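Report on the following structure.
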Amino acid sequence: MGAIPMGDRKISVGLCGFGIVGQGVYDHLTRKRKLLAEQLGADISLARVAVRDKSKKRDVEIDLSLITEDSLSVATDPEIDVVCELMGGTGLALEIVTRALVAGKIVVTANKALLCDHGKELLAAAQEHGGHLLFEASVAGGIPVIKAIREGLIINDFSRIDGILNGTCNYILTRMANEGLSYQEILAEAKALGFAEADESLDVDGIDAAHKAVVLAYLAYGKWADLEEVRLDGITRVNQEDIRFAEDNGYAVKLIASVERERQSKALYVSVLPALVPKSSSLGSVDGVFNAISIHGDVVGETVYIGPGAGRHATSSAVISDIVDAVKLLIFGGPEGRFPFLDPAPKNGNELEIAGPVEVHSRYYVRMRVDDRPGVMAEIASILASREVSLASVTQKEVGVDAERVSLIITTHMTSEKAIMETIDDLGNLDSVQGSPMTMPIRDFGE
């Protein structure tokens with residue numbers, strides 16, 4: 001590689017996990033080691049790599065003397081300055097991160113599930129023991145949204161953050177819209193192409209996006225929401241009727257993660273829901289596996305970030321960005337120095353309440369299959385009136401060869417989430433309605 005111009009400082013990095021992302025981090029750090037040394041004045045040395053199985057074949061060449069199967073030894077090695085947790089999960093990964101932070105190390109992680117479940121305690125451990133926890137890669141892969149919130153938009157108070165945070169769901173919904181295929185057909189192809197996992201539930205049920213939404217809520221408002229407090233639904237019930245209705249009315253169906261302060265109560269609402277999004281909005285035209293995040297600040301207005309949300313290179317880029325921040329901290333801040341934007345509790349969010357369904361308002365789309373006979377519409381209208389839900393439009397279509405039932409799509413004027421949930425329950429109990437109606441908010445984003 002030749003001589004590396006640098007200062008006297010050498011920063012040792014340990015990787016725990018050597019899958020797709022870990023190999024990407026190793027590859028890019030190795031190839032760009034000289035360039036980073038010139039920019040930082042210090043050499044970033046990959047000192048140890050922890051793997052589950054040493055015999056496993058990998059895509060990158062690595063000195064076998066660097067490999068260990070003892071990941072805890074990497075976390076506690078006093079010679080290692082920065083520990084990268086890239087294993088995933090919340091078992092061993094939690095122990096590795098905790099031990100490294102208690103040892104006063106800087107930890108870099110891409111593990112959104114770990115942060116969602118244990119972020120509050122991990123950041124407290126970092127504060128108590130002089131460590132740091134950096135997690136740019138945990139949300140939206142290669143999009144530097146965490147840095148944007150912590151640094152570039154630090155002067156702003158945020159009214160809302162909305163995002164497409166799961167590329168698998170966006171890929172499926174995009175192909176449903178473009179090709180007219182069913183959810184099940186596209187999911188099978190997405191698995192074959194590697195865009196969806198063998199167990200797709202974390203993606204399509206919205207859980208992956210919910211983990212990321214919890215992290216965004218903390219960053220923007222200083223509040224750790226429990227996963228159970230996230231209003232959550234996935235895309236498994238979206239069908240071609242929903243897609244066609246959206247297309248005919250200037251919308252796209254997207255899985256939208258939202259973190260917002262309710263205007264009246266100021267309570268915090270965190271949700272991941274399929275939604276009708278205007279095609280003219282910043283998120284409405286983002287297709288394929290791309291992620292996108294729209295942030296509304298009181299000073300800057302709306303800023304939008306679009307890019308690849310997953311994969312070796314996108315996630316590696318974010319991990320290496322955190323490693324570089326760690327190096328800067330060690331060089332310029334010293335072992336006891338702290339960067340204010342890296343500290344826990346960026347805002348006094350502990351006083352924030354989580355918004356209940358009665359505080360959340362939106363327009364809604366409702367699709368149901370009903371008996372094709374006189375009086376059914378009157379029953380439905382009566383239920384809406386009893387819940388004080390105002391009807392905006394009604395569309396009725398025949399359902400294939402089923403002469404006894406029709407598909408009924410209604411939209412509402414602004415109403416509370418509580419009212420629409422109760423309305424859906426009431427409609428589902430009618431003998432004239434087959435199954436539970438499908439509903440999603442109509443997100444106009446202030447347009």
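Letters for chains follow the order of the structure tokens (A, B, ...), residue numbers begin at 1 for each chain, and ligand numbers begin at 1 in the order shown.
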Query raised in the report: Can you list, as a list in words, every protein, DNA or RNA residue that comes within 6 Å of range 278-286 of chain A when you count only C-alpha atoms, leaving out same-chain residues fewer than 4 positions away?
Result: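 Returned residues: Gly250, Tyr251 and Ala252 of chain A.
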Export of the given selection (C-alpha atoms) as a compact mmCIF listing (two decimals), in the first residue's frame:
```txt
# COMPACT_ATOMS: atom_id res chain seq x y z
CA GLY A 250 -53.72 11.43 -7.97
CA TYR A 251 -52.27 9.36 -5.14
CA ALA A 252 -49.74 6.59 -4.64
```
Report task. Return as a count of residues only the full set of residues in range 319-413 of chain A whose backbone-based DSSP assignment is alpha helix (DSSP H). Result -> 21
Requested in this report: Determine, counting only C-alpha atoms, which protein, DNA and RNA residues have an atom within 12 Å of an atom of Asn429 in chain A; residues of the same chain fewer than 6 positions away are not included. Present the result as a ChimeraX atom specification.
Outcome: /A:370,379-380,383,422-423,435-437
Query - Minimum-distance residue to Val13 in chain A, chosen among A:Val25, A:Ala192, A:Ala292, A:Ala137 (using only C-alpha atoms) - result: A:Val25
Query raised in the report: For Glu359 in chain A, which of A:Glu262, A:Asp287, A:Glu136, A:Asp205 is the closest residue, counting only C-alpha atoms?
Result: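 Under the stated criterion, the closest residue is A:Glu262.
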Requested in this report: Pick out the closest residue to Val299 in chain A from this set: A:Ile172, A:Val253, A:Ala47, A:Ile155. Count only C-alpha atoms.
Outcome: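 Closest to Val299 in chain A, using only C-alpha atoms: A:Ile155.
As for CA of Glu241 in chain A and CA of Ala188 in chain A, they are spaced 20.1 Å apart.
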Query raised in the report: Can you tell me, as a PyMOL selection string, what residues are no more than 12 Å from Ala381 in chain A when counting only C-alpha atoms, ignoring any on the same chain fewer than 4 positions away?
Result: chain A and resi 375-377+385-394+410+412+423+426-427
Query raised in the report: Which one of A:Ala198, A:Ala225, A:Ile293, A:Ala50 sits closest to Ala267 in chain A if you count only C-alpha atoms?
Result: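 Checking each of A:Ala198, A:Ala225, A:Ile293, A:Ala50 against Ala267 in chain A, counting only C-alpha atoms, the winner is A:Ala225.
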Requested in this report: Choose the residue, out of A:Leu216, A:Leu115, A:Leu232, A:Ala246, that has the smallest atom-to-atom separation from Ala140 in chain A; count only C-alpha atoms.
Outcome: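 The answer is A:Leu216, which sits nearest to Ala140 in chain A.
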Report task. Name the residues in contact with Ser321 in chain A at a cut-off of 10 Å, using only C-alpha atoms, excluding same-chain residues fewer than 2 positions from it; report them as a ChimeraX atom specification. Result -> /A:108,134-137,142,144,147,315-319,323-327
Report task. Find the residue from A:Arg312, A:Arg369, A:Lys34, A:Arg405 that sits nearest to Gln434 in chain A; use only C-alpha atoms when measuring. Result -> A:Arg369
